[in-house]
Amino acid sequence: MTGVEHAGEQLELDGLPVPRARRRPRGVALADEQPVARVCIDLPPQHLDRLFEYAVPATMAADARPGTRVKVRFGGQDVDAYVIERVDEAEHDGDLLPLRRLVSAEPVLTPAVARLARAVADRWAGTLTDVLRLAVPPRHARVEAEEQADDVPSVVPVSSTSAWLPYRGGPAFGQHVLAGGAPRAVWTALPGPAGERWPDAVAQVVATCVLGGRGALVVVPDARDIDQVLTALVAAGIPAHRPGARGGAVRLAADDGPAARYRAFLAALRGQADVVVGTRASAFAPVRDLGLVVCWDDGDSLHAEPRAPYPHVREVLALRSELEGAAYLVGAHGRTVEAQALVESGWAHDVSAERSVVRRRTPRVQALTSTELAREGAAAAARLPTPAWRAIRDRLADGPVLVQVPRAGYVPAVACGRCRASARCTTCHGPLGLARADGVPTCGWCGRLATDWRCQECGGATLRSVRVGSERTAEELGRAFPGVPVRVSGARAEGGVLAAVRDVPAVVVATPGAEPVAPTGYAAAVLLDAAVSTAGSALGLLPDALRRWLAAAALVRPGSEGGTVLLVGDAEERVTQSLVRWDPVGLASRELAERVELALPPAVRMAAVVGRRDAVLAVVRRIEVPGLDVLGPVPVDERSPGALEPDVRAVLRVPRAGGNALARALAASMAVRSAKREGGTVRAQLDPTELG
DNA sequence: AGCACGCCGACT
DNA sequence: GTCGGCGTGCTC
């Protein structure tokens with residue numbers, strides 16, 4: 001043994017016992033006040049998910065505050081860490097190493113966000129470090145050094161809540177927010193005229209919150225939605241935050257690039273912006289005096305974080321509203337089963353409109369199913385049946401007509417023209433499709449051109465389309481309505497996603513989620529290939545199909561102004577009826593009852609453990625919680641890198657009340673796994689979205 | 001994650 | 001005799 005430390009003893013002045021924390025490396029003067037920093041280390045292994053203590057050098061005494069980024073020596077290497085707290089005495093009985101370096105004095109991790117991140121890590125059986133990587137944007141030193149704002153008096157928001165009048169419980173929600181309360185609501189938004197659409201309602205309740213002296217946070221699926229909310233906020237008296245000014249709203253999106261993202265983050269952190277409007281990761285934004293959190297369209301898959309520990313915005317904000325005493329609002333045109341569960345458990349209020357209001361504000365909806373068409377004597381086989389064609393032609397006189405197509409591309413799938421077997425690549429057996437009208441079929445997996453294709457079943461050499469995408473639909477509609485401009489909007493379309501179209505006659509073809517807004521509403525919407533949207537057995541498929549249709553239908557003028565929606569195809573009956581009656585809550589409620597019956601989430605809590613068979617079994621075997629049900633493991637399609645056998649998935653199921661215990665036990669088992677280096681790879685996911 | 005220590009096989 | 005395999009343990 002060498003290097004026995006005596007340095008601490010020099011502080012033993014008046015006979016008091018030397019606090020352990022005062023033991024320190026020779027030659028480093030320590031902070032007088034709170035000389036111990038508890039830090040969270042930026043290393044992935046699950047068994048390191050706890051705080052480690054370091055001595056605070058006197059030089060960092062003032063700046064190494066909770067929330068700052070530091071460098072520490074850990075296990076012989078330099079690692080990044082966050083100071084979580086400063087304390088007087090260490091719990092660790094052993095020498096403390098000094099903090100190595102203060103990266104920045106900016107306390108980027110506020111106590112509230114640190115607490116939220118810990119709760120999120122616990123809830124999803126992940127590590128604090130993983131969550132902090134989602135929550136805190138990478139530092140941008142130049143942005144950090146930019147001029148600080150002078151305190152210019154903030155603008156006073158306009159106090160209008162007109163957009164909430166149609167909703168039962170809407171005005172009361174706003175009043176409660178204004179008074180500093182923390183009401184919780186699940187809101188079914190309706191289509192409306194300019195100034196009363198969902199972004200306006202969101203902006204008004206945000207303005208109400210700011211008027212009441214608190215900050216607000218709005219999380220939406222994508223950048224286009226951010227713009228819509230920011231525009232509506234201006235009308236509600238909350239302008240875009242200007243650097244150098246006090247107040248206003250900032251947009252916070254990872255897509256805006258590191259500098260813009262960090263600048264917006266700092267504006268919130270420093271209390272300069274009152275309102276943050278952003279995508280997924282902004283659920284963790286450090287808004288000061290948070291009074292309201294809003295999640296718009298919680299059924300959009302963009303709200304589900306794809307990185308470990310896979311938290312969902314709707315649930316993160318629910319945790320946050322409880323931890324910070326903030327009001328909670330989740331809104332959509334549709335209703336997810338999960339949001340319905342918040343209502344039916346009594347956790348949140350239902351904020352919806354009366355039937356009469358729904359009828360007044362929504363377009364006329366008609367389902368063109370094959371039975372419906374047969375009744376009218378029309379050919380059912382046509383993708384665009386005559387009544388739909390006629391409706392488009394008639395409504396085009398009044399304005400733009402929206403056509404929603406569930407698939408992007410031209411002809412994403414083709415089949416043998418003789419025996420109808422789906423056409424597969426001769427090399428890798430991937431699906432063949434057409435990129436353009438004059439194109440050669442190409443493989444969707446390996447990209448090879450199928451130049452001299454022959455059917456492997458029957459030897460046929462001709463191909464027919466089995467799925468039609470938005471591009472091909474646009475081409476067909478162009479021919480069907482000569483002289484009418486056709487626009488295409490979609491992530492993979494040539495012009496990308498269009499934010500808006502003009503109020504002139506045009507056919508607008510869009511994939512779900514990419515529908516442009518029309519200033520005074522579309523004259524009509526036609527939802528094609530309805531059967532495609534409800535085919536399959538995935539969990540939540542039906543409410544999700546309704547969500548996509550309602551999102552498009554909500555852009556159409558009310559029936560009183562001729563607004564018409566046509567659903568074309570034989571979709572699942574209940575979903576079709578829910579659209580016709582504009583009743584997303586009814587569908588979600590029935591679906592929830594079914595989930596209770598079948599012991600499926602959210603009536604129960606589940607976790608998926610995916611990876612190499614032996615590794616998965618080892619993790620699962622250690623888990624003991626009351627009422628645990630282990631399903632599987634069964635093989636899945638993917639395989640771990642380098643593995644010979646396909647991965648397996650085990651599904652763990654517990655009664656809803658046992659969710660926290662399951663998460664804790666799963667995290668503990670994963671920690672044992674990482675400590676023992678059991679080998680292979682294992683992914684643990686709570687509330688898995690895909691259950692195969 | 002990285003790095004130590006520690007106990008069993010084929011090799012200069 | 002040793003060089004070196006990776007199983008187990010630890011890191012404030």
# chains A, B, ... in the order shown; residues from 1 in each chain; ligands from 1
call {"tool": "interface_residues", "arguments": {"of": "chain B", "to": "chain A", "cutoff": "12 Å", "atoms": "only C-alpha atoms (C1' of nucleotides)", "output": "list in words"}}
result
DA1, DG2, DC3 and DA4 of chain B
call {"tool": "write_last_selection", "arguments": {"atoms": "C-alpha atoms (C1' of nucleotides)", "output": "short mmCIF file (atom, residue, chain, number, x, y, z; two decimals), in the first residue's frame"}}
result
data_model
loop_
_atom_site.label_atom_id
_atom_site.label_comp_id
_atom_site.auth_asym_id
_atom_site.auth_seq_id
_atom_site.Cartn_x
_atom_site.Cartn_y
_atom_site.Cartn_z
"C1'" DA B 1 -17.30 0.78 -20.49
"C1'" DG B 2 -12.42 0.04 -19.31
"C1'" DC B 3 -8.98 -1.92 -16.35
"C1'" DA B 4 -7.28 -4.69 -12.72
#
call {"tool": "residues_around", "arguments": {"residues": "B:DT12", "least_positions_apart": "3", "cutoff": "12 Å", "atoms": "only C-alpha atoms (C1' of nucleotides)", "output": "PyMOL selection string"}}
result
chain C and resi 1-3
call {"tool": "residues_around", "arguments": {"residues": "A:Cys40", "least_positions_apart": "3", "cutoff": "6 Å", "atoms": "only C-alpha atoms (C1' of nucleotides)", "output": "ChimeraX atom specification"}}
result
/A:51,81-82
call {"tool": "select_by_dssp", "arguments": {"residues": "stretch 491-620 of chain A", "states": "strand (DSSP E or B)", "output": "ChimeraX atom specification"}}
result
/A:500,507-510,517,522,524-527,556,564-568,604-611
call {"tool": "atom_distance", "arguments": {"atom1": "atom CA of A:Thr511", "atom2": "atom CA of A:Ser489"}}
result
6.9 Å
call {"tool": "interface_residues", "arguments": {"of": "chain C", "to": "chain A", "cutoff": "10 Å", "atoms": "only C-alpha atoms (C1' of nucleotides)", "output": "list of chain:residue names"}}
result
C:DG7, C:DT8, C:DG9, C:DC10, C:DT11, C:DC12
call {"tool": "write_last_selection", "arguments": {"atoms": "C-alpha atoms (C1' of nucleotides)", "output": "PDB file, in the first residue's frame"}}
result
ATOM      1  C1'  DG C   7     -14.289 -14.896 -15.652  1.00  0.00           C
ATOM      2  C1'  DT C   8     -15.035 -11.730 -11.612  1.00  0.00           C
ATOM      3  C1'  DG C   9     -14.726  -7.337  -9.392  1.00  0.00           C
ATOM      4  C1'  DC C  10     -14.262  -2.378  -9.062  1.00  0.00           C
ATOM      5  C1'  DT C  11     -14.442   2.241 -10.337  1.00  0.00           C
ATOM      6  C1'  DC C  12     -16.279   7.876  -5.929  1.00  0.00           C
TER       7       DC C  12
END
call {"tool": "residues_around", "arguments": {"residues": "A:Gly346", "least_positions_apart": "3", "cutoff": "12 Å", "atoms": "only C-alpha atoms (C1' of nucleotides)", "output": "list in words"}}
result
Pro183, Arg184, Ala185, Val186, Ala339, Gln340, Ala341, Leu342, Val343, His349 and Asp350 of chain A
call {"tool": "atom_distance", "arguments": {"atom1": "atom CA of A:Gly540", "atom2": "atom CA of A:Arg383"}}
result
26.2 Å
call {"tool": "select_by_dssp", "arguments": {"residues": "stretch 548-685 of chain A", "states": "helix (DSSP H, G or I)", "output": "CSV table (one decimal) with N, CA and C atoms, in the first residue's frame"}}
result
chain,number,residue,atom,x,y,z
A,548,ARG,N,-55.6,8.9,-38.6
A,548,ARG,CA,-55.1,9.4,-39.9
A,548,ARG,C,-56.2,10.0,-40.7
A,549,TRP,N,-57.4,9.3,-40.7
A,549,TRP,CA,-58.5,9.8,-41.5
A,549,TRP,C,-59.0,11.1,-41.0
A,550,LEU,N,-59.1,11.2,-39.6
A,550,LEU,CA,-59.7,12.4,-39.0
A,550,LEU,C,-58.7,13.6,-39.2
A,551,ALA,N,-57.4,13.3,-39.2
A,551,ALA,CA,-56.5,14.4,-39.5
A,551,ALA,C,-56.7,15.0,-40.8
A,552,ALA,N,-57.0,14.2,-41.8
A,552,ALA,CA,-57.3,14.7,-43.2
A,552,ALA,C,-58.7,15.3,-43.2
A,553,ALA,N,-59.7,14.7,-42.6
A,553,ALA,CA,-61.0,15.1,-42.6
A,553,ALA,C,-61.2,16.5,-41.9
A,559,GLY,N,-70.0,20.6,-43.2
A,559,GLY,CA,-71.0,20.1,-44.1
A,559,GLY,C,-71.9,21.2,-44.6
A,560,SER,N,-72.2,22.2,-43.7
A,560,SER,CA,-73.1,23.3,-44.1
A,560,SER,C,-72.5,24.1,-45.2
A,561,GLU,N,-71.2,24.1,-45.4
A,561,GLU,CA,-70.6,24.8,-46.5
A,561,GLU,C,-70.2,23.9,-47.7
A,573,GLU,N,-65.3,-2.5,-40.1
A,573,GLU,CA,-66.7,-1.8,-39.9
A,573,GLU,C,-66.7,-0.8,-38.8
A,574,ARG,N,-66.2,-1.1,-37.6
A,574,ARG,CA,-66.4,-0.2,-36.5
A,574,ARG,C,-65.6,1.1,-36.8
A,575,VAL,N,-64.4,1.0,-37.4
A,575,VAL,CA,-63.7,2.2,-37.7
A,575,VAL,C,-64.4,3.1,-38.7
A,576,THR,N,-64.9,2.4,-39.7
A,576,THR,CA,-65.7,3.1,-40.7
A,576,THR,C,-66.8,3.9,-40.1
A,577,GLN,N,-67.6,3.2,-39.2
A,577,GLN,CA,-68.7,3.8,-38.5
A,577,GLN,C,-68.2,5.0,-37.6
A,578,SER,N,-67.1,4.8,-37.0
A,578,SER,CA,-66.6,5.8,-36.1
A,578,SER,C,-66.2,7.1,-36.9
A,579,LEU,N,-65.8,6.9,-38.1
A,579,LEU,CA,-65.5,8.1,-38.9
A,579,LEU,C,-66.8,8.8,-39.4
A,580,VAL,N,-67.7,7.9,-39.9
A,580,VAL,CA,-69.0,8.5,-40.4
A,580,VAL,C,-69.6,9.3,-39.2
A,584,PRO,N,-64.4,9.5,-32.3
A,584,PRO,CA,-63.2,8.8,-31.9
A,584,PRO,C,-63.2,8.3,-30.5
A,585,VAL,N,-63.9,9.0,-29.6
A,585,VAL,CA,-63.9,8.6,-28.2
A,585,VAL,C,-64.6,7.2,-28.1
A,586,GLY,N,-65.7,7.0,-28.8
A,586,GLY,CA,-66.4,5.8,-28.8
A,586,GLY,C,-65.6,4.6,-29.2
A,587,LEU,N,-64.8,4.8,-30.2
A,587,LEU,CA,-63.9,3.7,-30.7
A,587,LEU,C,-62.8,3.4,-29.7
A,588,ALA,N,-62.2,4.5,-29.1
A,588,ALA,CA,-61.1,4.3,-28.2
A,588,ALA,C,-61.7,3.6,-26.9
A,589,SER,N,-62.9,4.0,-26.5
A,589,SER,CA,-63.5,3.4,-25.3
A,589,SER,C,-63.8,1.9,-25.5
A,590,ARG,N,-64.3,1.6,-26.7
A,590,ARG,CA,-64.6,0.1,-27.0
A,590,ARG,C,-63.3,-0.6,-27.0
A,591,GLU,N,-62.3,0.0,-27.7
A,591,GLU,CA,-61.0,-0.7,-27.8
A,591,GLU,C,-60.4,-0.9,-26.4
A,592,LEU,N,-60.5,0.1,-25.6
A,592,LEU,CA,-60.0,-0.1,-24.2
A,592,LEU,C,-60.7,-1.2,-23.4
A,593,ALA,N,-62.0,-1.3,-23.6
A,593,ALA,CA,-62.7,-2.4,-22.9
A,593,ALA,C,-62.2,-3.7,-23.4
A,594,GLU,N,-61.9,-3.8,-24.7
A,594,GLU,CA,-61.4,-5.0,-25.3
A,594,GLU,C,-60.0,-5.4,-24.7
A,595,ARG,N,-59.2,-4.3,-24.5
A,595,ARG,CA,-57.9,-4.6,-24.0
A,595,ARG,C,-58.0,-5.0,-22.5
A,596,VAL,N,-58.9,-4.5,-21.8
A,596,VAL,CA,-59.1,-5.0,-20.4
A,596,VAL,C,-59.4,-6.5,-20.4
A,597,GLU,N,-60.4,-6.8,-21.3
A,597,GLU,CA,-60.8,-8.2,-21.5
A,597,GLU,C,-59.7,-9.1,-21.8
A,598,LEU,N,-58.8,-8.7,-22.7
A,598,LEU,CA,-57.7,-9.5,-23.2
A,598,LEU,C,-56.4,-9.4,-22.4
A,613,ARG,N,-31.1,-15.7,-27.4
A,613,ARG,CA,-31.9,-16.6,-26.6
A,613,ARG,C,-31.4,-16.7,-25.1
A,614,ASP,N,-30.1,-17.2,-25.0
A,614,ASP,CA,-29.6,-17.4,-23.7
A,614,ASP,C,-29.5,-16.2,-22.8
A,615,ALA,N,-29.2,-15.0,-23.5
A,615,ALA,CA,-29.1,-13.8,-22.8
A,615,ALA,C,-30.5,-13.3,-22.3
A,616,VAL,N,-31.5,-13.5,-23.2
A,616,VAL,CA,-32.8,-13.1,-22.8
A,616,VAL,C,-33.3,-13.9,-21.6
A,617,LEU,N,-33.1,-15.2,-21.7
A,617,LEU,CA,-33.5,-16.1,-20.6
A,617,LEU,C,-32.9,-15.8,-19.3
A,618,ALA,N,-31.6,-15.4,-19.3
A,618,ALA,CA,-30.9,-15.1,-18.1
A,618,ALA,C,-31.5,-13.8,-17.5
A,619,VAL,N,-31.9,-12.8,-18.3
A,619,VAL,CA,-32.5,-11.6,-17.8
A,619,VAL,C,-33.8,-11.9,-17.2
A,620,VAL,N,-34.6,-12.7,-17.9
A,620,VAL,CA,-36.0,-13.0,-17.5
A,620,VAL,C,-36.0,-13.8,-16.2
A,621,ARG,N,-35.1,-14.8,-16.1
A,621,ARG,CA,-35.1,-15.7,-15.0
A,621,ARG,C,-35.0,-14.9,-13.6
A,656,ARG,N,-51.6,-3.8,-14.0
A,656,ARG,CA,-51.2,-2.4,-14.1
A,656,ARG,C,-50.5,-1.8,-12.9
A,657,ALA,N,-51.0,-2.1,-11.7
A,657,ALA,CA,-50.5,-1.6,-10.5
A,657,ALA,C,-49.0,-2.1,-10.3
A,658,GLY,N,-48.6,-3.2,-10.9
A,658,GLY,CA,-47.3,-3.7,-10.7
A,658,GLY,C,-46.3,-3.2,-11.7
A,659,GLY,N,-46.7,-2.2,-12.5
A,659,GLY,CA,-45.8,-1.6,-13.5
A,659,GLY,C,-44.5,-1.1,-13.0
A,660,ASN,N,-44.5,-0.4,-11.9
A,660,ASN,CA,-43.3,0.2,-11.3
A,660,ASN,C,-42.4,-0.9,-10.8
A,661,ALA,N,-43.0,-2.0,-10.2
A,661,ALA,CA,-42.2,-3.1,-9.7
A,661,ALA,C,-41.5,-3.8,-10.8
A,662,LEU,N,-42.3,-4.0,-11.9
A,662,LEU,CA,-41.7,-4.7,-13.1
A,662,LEU,C,-40.5,-3.9,-13.7
A,663,ALA,N,-40.7,-2.6,-13.8
A,663,ALA,CA,-39.6,-1.7,-14.3
A,663,ALA,C,-38.4,-1.8,-13.4
A,664,ARG,N,-38.6,-1.8,-12.1
A,664,ARG,CA,-37.5,-1.9,-11.1
A,664,ARG,C,-36.8,-3.2,-11.2
A,665,ALA,N,-37.6,-4.3,-11.3
A,665,ALA,CA,-36.9,-5.6,-11.3
A,665,ALA,C,-36.2,-5.8,-12.7
A,666,LEU,N,-36.8,-5.3,-13.7
A,666,LEU,CA,-36.1,-5.4,-15.0
A,666,LEU,C,-34.8,-4.7,-15.1
A,667,ALA,N,-34.8,-3.4,-14.5
A,667,ALA,CA,-33.6,-2.6,-14.5
A,667,ALA,C,-32.5,-3.3,-13.7
A,668,ALA,N,-33.0,-3.9,-12.5
A,668,ALA,CA,-32.0,-4.6,-11.7
A,668,ALA,C,-31.4,-5.8,-12.4
A,669,SER,N,-32.2,-6.5,-13.1
A,669,SER,CA,-31.7,-7.7,-13.8
A,669,SER,C,-30.8,-7.3,-14.9
A,670,MET,N,-31.1,-6.2,-15.6
A,670,MET,CA,-30.2,-5.7,-16.6
A,670,MET,C,-28.9,-5.2,-16.0
A,671,ALA,N,-29.0,-4.7,-14.8
A,671,ALA,CA,-27.7,-4.2,-14.1
A,671,ALA,C,-26.9,-5.4,-13.8
A,672,VAL,N,-27.5,-6.5,-13.3
A,672,VAL,CA,-26.7,-7.7,-13.0
A,672,VAL,C,-26.1,-8.2,-14.3
A,673,ARG,N,-26.8,-8.2,-15.4
A,673,ARG,CA,-26.3,-8.7,-16.7
A,673,ARG,C,-25.1,-7.9,-17.1
A,674,SER,N,-25.2,-6.5,-16.9
A,674,SER,CA,-24.0,-5.7,-17.4
A,674,SER,C,-22.8,-5.9,-16.5
A,675,ALA,N,-23.1,-6.1,-15.2
A,675,ALA,CA,-22.0,-6.3,-14.2
A,675,ALA,C,-21.3,-7.7,-14.5
A,676,LYS,N,-22.1,-8.7,-14.8
A,676,LYS,CA,-21.5,-10.0,-15.0
A,676,LYS,C,-21.1,-10.2,-16.4
call {"tool": "residues_around", "arguments": {"residues": "A:Gly213", "least_positions_apart": "6", "cutoff": "9 Å", "atoms": "only C-alpha atoms (C1' of nucleotides)", "output": "MDAnalysis selection string"}}
result
chainID A and resid 178 180 289 291
call {"tool": "write_last_selection", "arguments": {"atoms": "C-alpha atoms", "output": "mmCIF file, in the first residue's frame"}}
result
data_model
loop_
_atom_site.group_PDB
_atom_site.id
_atom_site.type_symbol
_atom_site.label_atom_id
_atom_site.label_comp_id
_atom_site.auth_asym_id
_atom_site.auth_seq_id
_atom_site.Cartn_x
_atom_site.Cartn_y
_atom_site.Cartn_z
ATOM 1 C CA LEU A 178 -54.975 30.895 -15.085
ATOM 2 C CA GLY A 180 -52.279 28.539 -11.016
ATOM 3 C CA ASP A 289 -42.145 27.991 -13.433
ATOM 4 C CA GLY A 291 -47.568 25.802 -15.454
#
call {"tool": "closest_residue", "arguments": {"among": "A:Arg261, A:Arg547, A:Arg454, A:Arg246", "to": "A:Pro137", "atoms": "only C-alpha atoms"}}
result
A:Arg261
call {"tool": "residues_around", "arguments": {"residues": "A:Pro406", "least_positions_apart": "6", "cutoff": "7 Å", "atoms": "only C-alpha atoms (C1' of nucleotides)", "output": "mmCIF file with N, CA and C atoms, in the first residue's frame"}}
result
data_model
loop_
_atom_site.group_PDB
_atom_site.id
_atom_site.type_symbol
_atom_site.label_atom_id
_atom_site.label_comp_id
_atom_site.auth_asym_id
_atom_site.auth_seq_id
_atom_site.Cartn_x
_atom_site.Cartn_y
_atom_site.Cartn_z
ATOM 1 N N THR A 511 -49.770 11.755 -48.530
ATOM 2 C CA THR A 511 -49.697 10.569 -47.678
ATOM 3 C C THR A 511 -50.099 10.994 -46.261
ATOM 4 N N PRO A 512 -50.516 10.061 -45.412
ATOM 5 C CA PRO A 512 -50.993 10.430 -44.081
ATOM 6 C C PRO A 512 -49.940 11.217 -43.310
ATOM 7 N N ASP A 529 -58.149 3.682 -50.601
ATOM 8 C CA ASP A 529 -57.601 2.404 -50.113
ATOM 9 C C ASP A 529 -57.848 2.207 -48.621
ATOM 10 N N SER A 533 -55.618 0.517 -44.586
ATOM 11 C CA SER A 533 -55.319 1.139 -43.296
ATOM 12 C C SER A 533 -55.758 0.306 -42.106
#
call {"tool": "atom_distance", "arguments": {"atom1": "atom CA of A:Ala493", "atom2": "atom CA of A:Arg280"}}
result
24.1 Å
